Amino acid sequence: MIQALILCIVITSFGTPAVAWEWEKGALNCYLNTEIGTHTKDFSGLMKLYNSLQIKGTYEYNRNISSFINIKKFYDSVYDISGRYRHGSHKIATNTGNTWLRELFLDLHYKPLFLRVGRQQVVWGSSDGVRALDCINPGDSRYAYLDDASEYRIPLWMIRMELSAAVDSTLQVLLIPDYEPNISAGPGDVFVFRPTDLAAERIAALPAFIRVAEKKETPLNDFSNGSFAVRWQQVVGGWEYTLNYKYGYEPYPQGEGIFSIRDRTLTLVKNYKKRVNIFGASFTKTITEGLLSGVSMRGEFIYTRGKPFPYGKNGQVAGNTAMDAGTYILGLDKIFLTDVLVSGQLIQYMYSRTREKNNDIFYLATFAPLHKIETMATLRIATDFMAERLKPEMLLIYDERSDWRLSPKISYEVNNNLWVYAGLHYFTGKSSSLYGQFADDSMVYVGQTLSF
């Protein structure tokens with residue numbers, strides 16, 4: 001870890017000339033990122049040796065038509081180094097499937113109509129450290145959702161249409177023929193969620209003569225089997241609000257084990273064909289007078305009908321059920337001393353029941369018994385110095401199960417093309433809690449991003 005930090009300092013000692021490809025109608029930019037992470041209790045224990053190349057390009061055909069491409073290829077060499085992760089699943093080592101193609105779309109803008117066709121991300125909700133209304137794109141949790149949301153969202157092929165027929169209002173319609181499930185780390189990887197470990201332990205306890213196979217049942221990628229979403233956005237009297245609806249597939253699978261006596265095979269079926277109805281809303285409002293002047297209020301609400309959940313005892317799944325579930329996030333943002341942003345959030349997850357056939361319904365991220373109301377709170381502080389070249393920030397998340405996540409980070413702009421940064425992800429709590437399950441995976445890291 002010390003050697004990695006010295007390397008970053010040496011690199012920053014040399015100026016990097018500004019290099020970019022720009023022409024009359026387009027531009028091309030490249031980004032090289034290196035990040036090294038180690039265990040907080042043992043700096044010699046590597047957790048991350050990450051390198052990526054990202055290429056972003058734009059081209060404007062005319063004032064109404066433009067295109068954009070975003071390609072990112074990465075490789076994490078930590079799995080090639082002898083140590084505790086060498087025999088992991090290697091799912092986290094590089095891009096899965098076509099996720100290297102982050103975005104590829106064509107924009108057509110003929111007021112009041114906007115059309116975007118291609119592989120893209122659509123952001124409905126924006127909150128600190130958690131996801132609620134941000135439900136259009138599935139998530140890649142191989143790094144435990146510690147990265148920026150734009151990095152862990154899995155892009156989808158879709159058609160996005162927006163109509164701004166009235167002042168300060170927009171109707172958005174999404175047609176999504178593409179389906180991708182959530183991606184998570186496998187057994188032996190760095191950030192492994194407890195359900196994966198429990199499943200691996202259960203399989204390891206099977207008799208040696210039983211063969212284990214996996215089968216995934218996913219929807220067809222076409223419009224007839226696709227997802228549909230719509231959002232109304234409007235500003236009224238200083239209040240910006242949205243009304244949201246999505247009909248599509250749940251990114252978490254329903255699992256089932258089928259045993260064949262004839263060939264002594266246990267087939268683990270993961271069914272991703274469960275459709276759900278999602279209703280949502282959001283609001284933002286900045287107070288401009290009185291004692292609370294400068295305070296921004298925001299909120300997100302989401303209600304899912306028929307959301308699938310596993311149930312069982314002691315983390316062992318006995319079956320699957322479905323029920324209604326809701327989530328809301330209320331946030332307050334305030335800037336102090338001209339450039340210190342302080343944000344606080346209250347999050348509650350609400351479920352219609354916690355028991356099924358005398359078994360516990362499981363919390364999806366940990367397979368711990370579900371609480372009827374799960375409460376979380378977050379605090380984020382961010383500021384900048386030296387004309388925005390030095391940016392410290394901190395995110396603190398508390399869960400009612402008495403587990404915590406603390407993530408401070410500091411970034412420095414060496415020149416127009418080079419950023420260096422360092423940070424910490426610290427987890428504490430019970431092994432069956434959201435952040436406590438990563439208590440042995442607290443990580444300190446350093447990195448750099450070079451653009452050219």
# chains A, B, ... in the order shown; residues from 1 in each chain; ligands from 1
$ select_by_dssp --residues "range 79-123 of chain A" --states "strand (DSSP E or B)" --output "PDB file with all heavy atoms, in the first residue's frame"
ATOM      1  N   THR A  94     -13.296  -8.724 -14.433  1.00  0.00           N
ATOM      2  CA  THR A  94     -13.417  -7.920 -15.644  1.00  0.00           C
ATOM      3  C   THR A  94     -14.889  -7.761 -15.995  1.00  0.00           C
ATOM      4  O   THR A  94     -15.775  -8.239 -15.288  1.00  0.00           O
ATOM      5  CB  THR A  94     -12.644  -8.571 -16.807  1.00  0.00           C
ATOM      6  OG1 THR A  94     -12.601  -7.662 -17.916  1.00  0.00           O
ATOM      7  CG2 THR A  94     -13.286  -9.876 -17.244  1.00  0.00           C
ATOM      8  N   LEU A 101     -19.781  -1.974 -22.949  1.00  0.00           N
ATOM      9  CA  LEU A 101     -20.416  -0.925 -23.738  1.00  0.00           C
ATOM     10  C   LEU A 101     -21.348  -0.151 -22.810  1.00  0.00           C
ATOM     11  O   LEU A 101     -22.490  -0.527 -22.588  1.00  0.00           O
ATOM     12  CB  LEU A 101     -21.188  -1.527 -24.911  1.00  0.00           C
ATOM     13  CG  LEU A 101     -21.872  -0.532 -25.849  1.00  0.00           C
ATOM     14  CD1 LEU A 101     -20.862   0.439 -26.441  1.00  0.00           C
ATOM     15  CD2 LEU A 101     -22.630  -1.262 -26.954  1.00  0.00           C
ATOM     16  N   ARG A 102     -20.855   0.926 -22.237  1.00  0.00           N
ATOM     17  CA  ARG A 102     -21.604   1.669 -21.238  1.00  0.00           C
ATOM     18  C   ARG A 102     -22.775   2.418 -21.862  1.00  0.00           C
ATOM     19  O   ARG A 102     -23.873   2.437 -21.317  1.00  0.00           O
ATOM     20  CB  ARG A 102     -20.683   2.646 -20.514  1.00  0.00           C
ATOM     21  CG  ARG A 102     -19.509   2.025 -19.790  1.00  0.00           C
ATOM     22  CD  ARG A 102     -19.981   1.071 -18.717  1.00  0.00           C
ATOM     23  NE  ARG A 102     -20.804   1.745 -17.710  1.00  0.00           N
ATOM     24  CZ  ARG A 102     -21.615   1.119 -16.857  1.00  0.00           C
ATOM     25  NH1 ARG A 102     -21.728  -0.184 -16.901  1.00  0.00           N
ATOM     26  NH2 ARG A 102     -22.307   1.800 -15.984  1.00  0.00           N
ATOM     27  N   GLU A 103     -22.512   3.060 -22.996  1.00  0.00           N
ATOM     28  CA  GLU A 103     -23.577   3.828 -23.658  1.00  0.00           C
ATOM     29  C   GLU A 103     -23.301   3.891 -25.154  1.00  0.00           C
ATOM     30  O   GLU A 103     -22.154   3.996 -25.584  1.00  0.00           O
ATOM     31  CB  GLU A 103     -23.667   5.250 -23.082  1.00  0.00           C
ATOM     32  CG  GLU A 103     -24.176   5.301 -21.653  1.00  0.00           C
ATOM     33  CD  GLU A 103     -23.926   6.649 -21.014  1.00  0.00           C
ATOM     34  OE1 GLU A 103     -22.738   7.009 -20.860  1.00  0.00           O
ATOM     35  OE2 GLU A 103     -24.891   7.328 -20.667  1.00  0.00           O
ATOM     36  N   LEU A 104     -24.367   3.853 -25.926  1.00  0.00           N
ATOM     37  CA  LEU A 104     -24.289   4.025 -27.376  1.00  0.00           C
ATOM     38  C   LEU A 104     -25.678   4.436 -27.845  1.00  0.00           C
ATOM     39  O   LEU A 104     -26.591   3.608 -27.895  1.00  0.00           O
ATOM     40  CB  LEU A 104     -23.848   2.732 -28.067  1.00  0.00           C
ATOM     41  CG  LEU A 104     -23.827   2.776 -29.602  1.00  0.00           C
ATOM     42  CD1 LEU A 104     -22.824   3.811 -30.099  1.00  0.00           C
ATOM     43  CD2 LEU A 104     -23.520   1.401 -30.179  1.00  0.00           C
ATOM     44  N   PHE A 105     -25.848   5.721 -28.129  1.00  0.00           N
ATOM     45  CA  PHE A 105     -27.200   6.166 -28.474  1.00  0.00           C
ATOM     46  C   PHE A 105     -27.170   7.311 -29.480  1.00  0.00           C
ATOM     47  O   PHE A 105     -26.159   7.989 -29.681  1.00  0.00           O
ATOM     48  CB  PHE A 105     -27.986   6.573 -27.228  1.00  0.00           C
ATOM     49  CG  PHE A 105     -27.327   7.584 -26.330  1.00  0.00           C
ATOM     50  CD1 PHE A 105     -27.277   8.933 -26.680  1.00  0.00           C
ATOM     51  CD2 PHE A 105     -26.764   7.195 -25.119  1.00  0.00           C
ATOM     52  CE1 PHE A 105     -26.688   9.869 -25.848  1.00  0.00           C
ATOM     53  CE2 PHE A 105     -26.163   8.123 -24.284  1.00  0.00           C
ATOM     54  CZ  PHE A 105     -26.126   9.463 -24.647  1.00  0.00           C
ATOM     55  N   LEU A 106     -28.331   7.500 -30.091  1.00  0.00           N
ATOM     56  CA  LEU A 106     -28.563   8.562 -31.055  1.00  0.00           C
ATOM     57  C   LEU A 106     -29.639   9.481 -30.491  1.00  0.00           C
ATOM     58  O   LEU A 106     -30.695   9.019 -30.062  1.00  0.00           O
ATOM     59  CB  LEU A 106     -29.014   7.978 -32.392  1.00  0.00           C
ATOM     60  CG  LEU A 106     -29.261   8.964 -33.544  1.00  0.00           C
ATOM     61  CD1 LEU A 106     -27.938   9.536 -34.041  1.00  0.00           C
ATOM     62  CD2 LEU A 106     -30.014   8.281 -34.685  1.00  0.00           C
ATOM     63  N   ASP A 107     -29.365  10.777 -30.484  1.00  0.00           N
ATOM     64  CA  ASP A 107     -30.321  11.771 -29.986  1.00  0.00           C
ATOM     65  C   ASP A 107     -30.937  12.534 -31.142  1.00  0.00           C
ATOM     66  O   ASP A 107     -30.229  12.979 -32.061  1.00  0.00           O
ATOM     67  CB  ASP A 107     -29.627  12.776 -29.061  1.00  0.00           C
ATOM     68  CG  ASP A 107     -29.335  12.205 -27.691  1.00  0.00           C
ATOM     69  OD1 ASP A 107     -29.860  11.121 -27.373  1.00  0.00           O
ATOM     70  OD2 ASP A 107     -28.585  12.850 -26.920  1.00  0.00           O
ATOM     71  N   LEU A 108     -32.247  12.688 -31.088  1.00  0.00           N
ATOM     72  CA  LEU A 108     -32.975  13.521 -32.040  1.00  0.00           C
ATOM     73  C   LEU A 108     -33.789  14.529 -31.245  1.00  0.00           C
ATOM     74  O   LEU A 108     -34.618  14.144 -30.402  1.00  0.00           O
ATOM     75  CB  LEU A 108     -33.904  12.685 -32.930  1.00  0.00           C
ATOM     76  CG  LEU A 108     -33.223  11.694 -33.876  1.00  0.00           C
ATOM     77  CD1 LEU A 108     -33.059  10.343 -33.204  1.00  0.00           C
ATOM     78  CD2 LEU A 108     -34.028  11.546 -35.168  1.00  0.00           C
ATOM     79  N   HIS A 109     -33.544  15.815 -31.493  1.00  0.00           N
ATOM     80  CA  HIS A 109     -34.175  16.873 -30.718  1.00  0.00           C
ATOM     81  C   HIS A 109     -34.912  17.818 -31.655  1.00  0.00           C
ATOM     82  O   HIS A 109     -34.312  18.668 -32.300  1.00  0.00           O
ATOM     83  CB  HIS A 109     -33.123  17.632 -29.900  1.00  0.00           C
ATOM     84  CG  HIS A 109     -33.691  18.343 -28.718  1.00  0.00           C
ATOM     85  ND1 HIS A 109     -32.926  18.912 -27.745  1.00  0.00           N
ATOM     86  CD2 HIS A 109     -34.973  18.571 -28.358  1.00  0.00           C
ATOM     87  CE1 HIS A 109     -33.697  19.457 -26.820  1.00  0.00           C
ATOM     88  NE2 HIS A 109     -34.937  19.264 -27.179  1.00  0.00           N
ATOM     89  N   TYR A 110     -36.208  17.652 -31.736  1.00  0.00           N
ATOM     90  CA  TYR A 110     -37.078  18.521 -32.521  1.00  0.00           C
ATOM     91  C   TYR A 110     -38.161  19.032 -31.579  1.00  0.00           C
ATOM     92  O   TYR A 110     -39.169  18.344 -31.339  1.00  0.00           O
ATOM     93  CB  TYR A 110     -37.702  17.771 -33.709  1.00  0.00           C
ATOM     94  CG  TYR A 110     -36.704  17.361 -34.764  1.00  0.00           C
ATOM     95  CD1 TYR A 110     -36.081  16.114 -34.712  1.00  0.00           C
ATOM     96  CD2 TYR A 110     -36.371  18.223 -35.807  1.00  0.00           C
ATOM     97  CE1 TYR A 110     -35.153  15.734 -35.678  1.00  0.00           C
ATOM     98  CE2 TYR A 110     -35.451  17.847 -36.782  1.00  0.00           C
ATOM     99  CZ  TYR A 110     -34.855  16.603 -36.708  1.00  0.00           C
ATOM    100  OH  TYR A 110     -33.937  16.227 -37.655  1.00  0.00           O
ATOM    101  N   LEU A 113     -40.238  17.703 -28.969  1.00  0.00           N
ATOM    102  CA  LEU A 113     -39.983  16.264 -28.841  1.00  0.00           C
ATOM    103  C   LEU A 113     -38.484  15.988 -28.742  1.00  0.00           C
ATOM    104  O   LEU A 113     -37.687  16.548 -29.479  1.00  0.00           O
ATOM    105  CB  LEU A 113     -40.573  15.519 -30.049  1.00  0.00           C
ATOM    106  CG  LEU A 113     -40.369  14.000 -30.084  1.00  0.00           C
ATOM    107  CD1 LEU A 113     -41.139  13.338 -28.954  1.00  0.00           C
ATOM    108  CD2 LEU A 113     -40.783  13.428 -31.430  1.00  0.00           C
ATOM    109  N   PHE A 114     -38.145  15.100 -27.815  1.00  0.00           N
ATOM    110  CA  PHE A 114     -36.765  14.608 -27.689  1.00  0.00           C
ATOM    111  C   PHE A 114     -36.809  13.089 -27.746  1.00  0.00           C
ATOM    112  O   PHE A 114     -37.626  12.452 -27.067  1.00  0.00           O
ATOM    113  CB  PHE A 114     -36.142  15.063 -26.365  1.00  0.00           C
ATOM    114  CG  PHE A 114     -34.806  14.429 -26.079  1.00  0.00           C
ATOM    115  CD1 PHE A 114     -33.653  14.879 -26.707  1.00  0.00           C
ATOM    116  CD2 PHE A 114     -34.701  13.367 -25.187  1.00  0.00           C
ATOM    117  CE1 PHE A 114     -32.421  14.286 -26.449  1.00  0.00           C
ATOM    118  CE2 PHE A 114     -33.479  12.782 -24.922  1.00  0.00           C
ATOM    119  CZ  PHE A 114     -32.335  13.239 -25.565  1.00  0.00           C
ATOM    120  N   LEU A 115     -35.902  12.502 -28.540  1.00  0.00           N
ATOM    121  CA  LEU A 115     -35.876  11.051 -28.715  1.00  0.00           C
ATOM    122  C   LEU A 115     -34.437  10.576 -28.566  1.00  0.00           C
ATOM    123  O   LEU A 115     -33.525  11.109 -29.202  1.00  0.00           O
ATOM    124  CB  LEU A 115     -36.417  10.669 -30.092  1.00  0.00           C
ATOM    125  CG  LEU A 115     -36.500   9.172 -30.429  1.00  0.00           C
ATOM    126  CD1 LEU A 115     -37.529   8.486 -29.546  1.00  0.00           C
ATOM    127  CD2 LEU A 115     -36.834   8.978 -31.899  1.00  0.00           C
ATOM    128  N   ARG A 116     -34.231   9.570 -27.714  1.00  0.00           N
ATOM    129  CA  ARG A 116     -32.920   8.942 -27.552  1.00  0.00           C
ATOM    130  C   ARG A 116     -33.080   7.437 -27.745  1.00  0.00           C
ATOM    131  O   ARG A 116     -33.847   6.786 -27.017  1.00  0.00           O
ATOM    132  CB  ARG A 116     -32.333   9.238 -26.177  1.00  0.00           C
ATOM    133  CG  ARG A 116     -31.018   8.497 -25.896  1.00  0.00           C
ATOM    134  CD  ARG A 116     -30.345   9.012 -24.623  1.00  0.00           C
ATOM    135  NE  ARG A 116     -29.816  10.361 -24.834  1.00  0.00           N
ATOM    136  CZ  ARG A 116     -29.229  11.088 -23.871  1.00  0.00           C
ATOM    137  NH1 ARG A 116     -29.105  10.584 -22.648  1.00  0.00           N
ATOM    138  NH2 ARG A 116     -28.779  12.299 -24.141  1.00  0.00           N
ATOM    139  N   VAL A 117     -32.341   6.894 -28.705  1.00  0.00           N
ATOM    140  CA  VAL A 117     -32.453   5.481 -29.054  1.00  0.00           C
ATOM    141  C   VAL A 117     -31.089   4.829 -28.888  1.00  0.00           C
ATOM    142  O   VAL A 117     -30.091   5.299 -29.459  1.00  0.00           O
ATOM    143  CB  VAL A 117     -32.941   5.306 -30.509  1.00  0.00           C
ATOM    144  CG1 VAL A 117     -33.071   3.823 -30.842  1.00  0.00           C
ATOM    145  CG2 VAL A 117     -34.273   6.021 -30.718  1.00  0.00           C
ATOM    146  N   GLY A 118     -31.029   3.728 -28.128  1.00  0.00           N
ATOM    147  CA  GLY A 118     -29.774   3.012 -27.978  1.00  0.00           C
ATOM    148  C   GLY A 118     -29.555   2.520 -26.567  1.00  0.00           C
ATOM    149  O   GLY A 118     -30.475   2.460 -25.746  1.00  0.00           O
ATOM    150  N   ARG A 119     -28.320   2.166 -26.286  1.00  0.00           N
ATOM    151  CA  ARG A 119     -27.945   1.647 -24.967  1.00  0.00           C
ATOM    152  C   ARG A 119     -27.654   2.835 -24.043  1.00  0.00           C
ATOM    153  O   ARG A 119     -26.794   3.669 -24.358  1.00  0.00           O
ATOM    154  CB  ARG A 119     -26.720   0.750 -25.099  1.00  0.00           C
ATOM    155  CG  ARG A 119     -26.331  -0.012 -23.830  1.00  0.00           C
ATOM    156  CD  ARG A 119     -25.245  -1.024 -24.153  1.00  0.00           C
ATOM    157  NE  ARG A 119     -24.732  -1.690 -22.977  1.00  0.00           N
ATOM    158  CZ  ARG A 119     -25.284  -2.761 -22.413  1.00  0.00           C
ATOM    159  NH1 ARG A 119     -26.383  -3.272 -22.933  1.00  0.00           N
ATOM    160  NH2 ARG A 119     -24.739  -3.322 -21.351  1.00  0.00           N
ATOM    161  N   GLN A 120     -28.331   2.878 -22.893  1.00  0.00           N
ATOM    162  CA  GLN A 120     -28.276   4.091 -22.082  1.00  0.00           C
ATOM    163  C   GLN A 120     -28.666   3.824 -20.634  1.00  0.00           C
ATOM    164  O   GLN A 120     -29.135   2.749 -20.266  1.00  0.00           O
ATOM    165  CB  GLN A 120     -29.215   5.151 -22.664  1.00  0.00           C
ATOM    166  CG  GLN A 120     -30.649   4.675 -22.817  1.00  0.00           C
ATOM    167  CD  GLN A 120     -31.516   5.632 -23.614  1.00  0.00           C
ATOM    168  OE1 GLN A 120     -31.845   6.717 -23.149  1.00  0.00           O
ATOM    169  NE2 GLN A 120     -31.897   5.206 -24.818  1.00  0.00           N
TER     170      GLN A 120
END
$ residues_around --residues "Asn359 in chain A" --least-positions-apart "4" --cutoff "8 Å" --atoms "only C-alpha atoms" --output "count of residues only"
4
$ residues_around --residues "range 206-217 of chain A" --least-positions-apart "6" --cutoff "9 Å" --atoms "only C-alpha atoms" --output "ChimeraX atom specification"
/A:253,263-273
$ write_last_selection --atoms "all heavy atoms" --output "compact mmCIF listing (two decimals), in the first residue's frame"
# COMPACT_ATOMS: atom_id res chain seq x y z
N PRO A 253 -33.60 -12.78 -8.69
CA PRO A 253 -34.26 -14.01 -9.13
C PRO A 253 -35.03 -14.68 -8.01
O PRO A 253 -34.79 -14.46 -6.82
CB PRO A 253 -33.08 -14.88 -9.55
CG PRO A 253 -31.98 -14.47 -8.61
CD PRO A 253 -32.17 -12.99 -8.40
N ASP A 263 -30.01 -39.04 -12.30
CA ASP A 263 -28.63 -38.67 -12.61
C ASP A 263 -27.94 -37.97 -11.44
O ASP A 263 -26.87 -37.38 -11.62
CB ASP A 263 -28.56 -37.80 -13.87
CG ASP A 263 -29.45 -36.58 -13.78
OD1 ASP A 263 -30.01 -36.32 -12.69
OD2 ASP A 263 -29.59 -35.87 -14.79
N ARG A 264 -28.57 -38.03 -10.26
CA ARG A 264 -27.99 -37.50 -9.03
C ARG A 264 -27.53 -36.04 -9.22
O ARG A 264 -26.42 -35.65 -8.84
CB ARG A 264 -26.82 -38.35 -8.56
CG ARG A 264 -27.17 -39.80 -8.28
CD ARG A 264 -26.04 -40.52 -7.58
NE ARG A 264 -24.79 -40.50 -8.32
CZ ARG A 264 -24.47 -41.38 -9.28
NH1 ARG A 264 -25.34 -42.34 -9.61
NH2 ARG A 264 -23.32 -41.29 -9.92
N THR A 265 -28.41 -35.22 -9.80
CA THR A 265 -28.08 -33.82 -10.08
C THR A 265 -29.06 -32.89 -9.37
O THR A 265 -30.28 -33.06 -9.46
CB THR A 265 -28.13 -33.54 -11.59
OG1 THR A 265 -27.17 -34.37 -12.25
CG2 THR A 265 -27.81 -32.08 -11.89
N LEU A 266 -28.51 -31.91 -8.68
CA LEU A 266 -29.31 -30.85 -8.09
C LEU A 266 -29.19 -29.63 -8.99
O LEU A 266 -28.11 -29.05 -9.14
CB LEU A 266 -28.80 -30.51 -6.68
CG LEU A 266 -29.48 -29.33 -5.98
CD1 LEU A 266 -30.96 -29.63 -5.75
CD2 LEU A 266 -28.78 -28.99 -4.68
N THR A 267 -30.30 -29.26 -9.61
CA THR A 267 -30.31 -28.10 -10.50
C THR A 267 -30.83 -26.88 -9.75
O THR A 267 -31.95 -26.89 -9.24
CB THR A 267 -31.19 -28.35 -11.73
OG1 THR A 267 -30.72 -29.53 -12.41
CG2 THR A 267 -31.14 -27.18 -12.68
N LEU A 268 -29.99 -25.88 -9.67
CA LEU A 268 -30.38 -24.63 -9.02
C LEU A 268 -30.93 -23.68 -10.08
O LEU A 268 -30.21 -23.18 -10.92
CB LEU A 268 -29.16 -24.01 -8.32
CG LEU A 268 -28.46 -24.91 -7.29
CD1 LEU A 268 -27.24 -24.20 -6.72
CD2 LEU A 268 -29.42 -25.31 -6.18
N VAL A 269 -32.24 -23.50 -10.03
CA VAL A 269 -32.93 -22.68 -11.03
C VAL A 269 -33.08 -21.25 -10.51
O VAL A 269 -33.57 -21.03 -9.40
CB VAL A 269 -34.31 -23.27 -11.36
CG1 VAL A 269 -35.01 -22.40 -12.41
CG2 VAL A 269 -34.18 -24.70 -11.84
N LYS A 270 -32.63 -20.30 -11.31
CA LYS A 270 -32.83 -18.89 -11.00
C LYS A 270 -33.81 -18.30 -12.02
O LYS A 270 -33.48 -18.19 -13.20
CB LYS A 270 -31.50 -18.13 -11.04
CG LYS A 270 -30.53 -18.54 -9.93
CD LYS A 270 -29.27 -17.71 -9.97
CE LYS A 270 -28.32 -18.07 -8.84
NZ LYS A 270 -27.08 -17.26 -8.87
N ASN A 271 -34.99 -17.97 -11.55
CA ASN A 271 -36.06 -17.49 -12.42
C ASN A 271 -36.15 -15.97 -12.35
O ASN A 271 -36.46 -15.41 -11.30
CB ASN A 271 -37.39 -18.12 -12.01
CG ASN A 271 -38.50 -17.82 -13.00
OD1 ASN A 271 -38.38 -16.94 -13.84
ND2 ASN A 271 -39.59 -18.56 -12.89
N TYR A 272 -35.87 -15.32 -13.48
CA TYR A 272 -35.89 -13.86 -13.54
C TYR A 272 -37.14 -13.34 -14.26
O TYR A 272 -37.17 -12.19 -14.68
CB TYR A 272 -34.66 -13.36 -14.28
CG TYR A 272 -33.35 -13.60 -13.58
CD1 TYR A 272 -32.62 -14.77 -13.80
CD2 TYR A 272 -32.83 -12.67 -12.70
CE1 TYR A 272 -31.41 -15.01 -13.16
CE2 TYR A 272 -31.61 -12.89 -12.06
CZ TYR A 272 -30.92 -14.05 -12.29
OH TYR A 272 -29.72 -14.28 -11.65
N LYS A 273 -38.17 -14.16 -14.40
CA LYS A 273 -39.33 -13.79 -15.21
C LYS A 273 -40.47 -13.18 -14.41
O LYS A 273 -41.58 -13.04 -14.92
CB LYS A 273 -39.84 -15.02 -15.97
CG LYS A 273 -38.86 -15.53 -17.03
CD LYS A 273 -39.45 -16.69 -17.81
CE LYS A 273 -38.51 -17.16 -18.91
NZ LYS A 273 -39.10 -18.28 -19.70
$ residues_around --residues "Gly186 in chain A" --least-positions-apart "2" --cutoff "10 Å" --atoms "only C-alpha atoms" --output "list of chain:residue names"
A:Gly88, A:Ser89, A:His90, A:Lys91, A:Ile92, A:Arg142, A:Ile183, A:Ser184, A:Gly188, A:Asp189, A:Val190, A:Phe191, A:Val192, A:Phe193, A:Thr196, A:Asp197, A:Ala200
$ write_last_selection --atoms "N, CA and C atoms" --output "JSON list (two decimals), in the first residue's frame"
[["chain", "number", "residue", "atom", "x", "y", "z"],
["A", 88, "GLY", "N", -11.17, -17.26, -5.88],
["A", 88, "GLY", "CA", -12.52, -16.73, -5.99],
["A", 88, "GLY", "C", -13.14, -17.07, -7.33],
["A", 89, "SER", "N", -14.36, -16.61, -7.53],
["A", 89, "SER", "CA", -15.08, -16.94, -8.77],
["A", 89, "SER", "C", -14.56, -16.14, -9.96],
["A", 90, "HIS", "N", -13.78, -15.09, -9.68],
["A", 90, "HIS", "CA", -13.24, -14.22, -10.73],
["A", 90, "HIS", "C", -14.35, -13.47, -11.49],
["A", 91, "LYS", "N", -15.59, -13.48, -10.98],
["A", 91, "LYS", "CA", -16.64, -12.71, -11.63],
["A", 91, "LYS", "C", -16.33, -11.22, -11.64],
["A", 92, "ILE", "N", -15.60, -10.81, -10.64],
["A", 92, "ILE", "CA", -15.35, -9.38, -10.48],
["A", 92, "ILE", "C", -14.14, -8.91, -11.27],
["A", 142, "ARG", "N", -20.81, -5.92, -7.60],
["A", 142, "ARG", "CA", -19.56, -6.64, -7.38],
["A", 142, "ARG", "C", -18.59, -5.84, -6.52],
["A", 183, "ILE", "N", -25.99, -7.96, -11.10],
["A", 183, "ILE", "CA", -24.75, -8.72, -11.06],
["A", 183, "ILE", "C", -24.17, -8.63, -9.65],
["A", 184, "SER", "N", -23.71, -9.74, -9.12],
["A", 184, "SER", "CA", -23.11, -9.73, -7.78],
["A", 184, "SER", "C", -21.86, -10.60, -7.77],
["A", 188, "GLY", "N", -15.86, -16.46, -2.63],
["A", 188, "GLY", "CA", -14.42, -16.24, -2.63],
["A", 188, "GLY", "C", -13.98, -14.91, -3.17],
["A", 189, "ASP", "N", -14.92, -14.10, -3.68],
["A", 189, "ASP", "CA", -14.58, -12.78, -4.18],
["A", 189, "ASP", "C", -14.43, -11.79, -3.03],
["A", 190, "VAL", "N", -14.20, -10.53, -3.36],
["A", 190, "VAL", "CA", -13.90, -9.54, -2.33],
["A", 190, "VAL", "C", -15.14, -9.15, -1.54],
["A", 191, "PHE", "N", -16.11, -8.54, -2.20],
["A", 191, "PHE", "CA", -17.33, -8.09, -1.52],
["A", 191, "PHE", "C", -18.46, -9.07, -1.82],
["A", 192, "VAL", "N", -18.55, -10.10, -1.01],
["A", 192, "VAL", "CA", -19.54, -11.15, -1.22],
["A", 192, "VAL", "C", -20.70, -10.95, -0.24],
["A", 193, "PHE", "N", -21.91, -10.85, -0.77],
["A", 193, "PHE", "CA", -23.07, -10.71, 0.09],
["A", 193, "PHE", "C", -23.36, -12.03, 0.80],
["A", 196, "THR", "N", -24.91, -15.25, -0.80],
["A", 196, "THR", "CA", -24.02, -16.04, -1.65],
["A", 196, "THR", "C", -23.16, -16.97, -0.82],
["A", 197, "ASP", "N", -22.65, -16.47, 0.29],
["A", 197, "ASP", "CA", -21.84, -17.32, 1.17],
["A", 197, "ASP", "C", -22.67, -18.45, 1.76],
["A", 200, "ALA", "N", -23.21, -21.10, -0.85],
["A", 200, "ALA", "CA", -21.98, -21.87, -1.08],
["A", 200, "ALA", "C", -21.73, -22.87, 0.04]]
$ residues_around --residues "Leu364 in chain A" --least-positions-apart "6" --cutoff "12 Å" --atoms "only C-alpha atoms" --output "compact mmCIF listing (two decimals) with C-alpha atoms, in the first residue's frame"
# COMPACT_ATOMS: atom_id res chain seq x y z
CA PHE A 193 -23.07 -10.71 0.09
CA ARG A 194 -24.13 -13.08 2.86
CA PRO A 195 -26.77 -14.96 0.77
CA THR A 196 -24.02 -16.04 -1.65
CA PRO A 251 -33.75 -7.93 -11.21
CA TYR A 252 -33.53 -10.37 -8.25
CA PRO A 253 -34.26 -14.01 -9.13
CA GLN A 254 -36.60 -16.46 -7.50
CA LYS A 307 -42.13 -7.96 -5.15
CA PRO A 308 -40.56 -11.45 -4.73
CA PHE A 309 -38.87 -12.48 -1.48
CA PRO A 310 -37.34 -15.76 -0.24
CA TYR A 311 -38.39 -17.22 3.08
CA GLY A 315 -30.65 -18.09 6.32
CA VAL A 317 -34.29 -20.78 1.89
CA ASN A 320 -40.43 -17.94 -2.39
CA LEU A 370 -37.14 -9.09 7.65
CA HIS A 371 -38.37 -6.25 9.85
CA SER A 432 -26.10 -10.71 9.36
CA SER A 433 -26.56 -6.94 8.83
CA LEU A 434 -26.23 -4.92 5.63
$ residues_around --residues "range 290-299 of chain A" --least-positions-apart "3" --cutoff "6 Å" --atoms "only C-alpha atoms" --output "PyMOL selection string"
chain A and resi 282-287+329-334
$ residues_around --residues "Leu341 in chain A" --least-positions-apart "3" --cutoff "12 Å" --atoms "only C-alpha atoms" --output "PyMOL selection string"
chain A and resi 294-296+332-338+344+379-384+391-395
$ atom_distance --atom1 "CA of His87 in chain A" --atom2 "CA of Met47 in chain A"
13.4 Å
$ atom_distance --atom1 "CA of Lys111 in chain A" --atom2 "CA of Phe279 in chain A"
28.3 Å
$ closest_residue --among "A:Leu174, A:Ser352, A:Ala365, A:Ile347" --to "Ala144 in chain A" --atoms "only C-alpha atoms"
A:Ala365
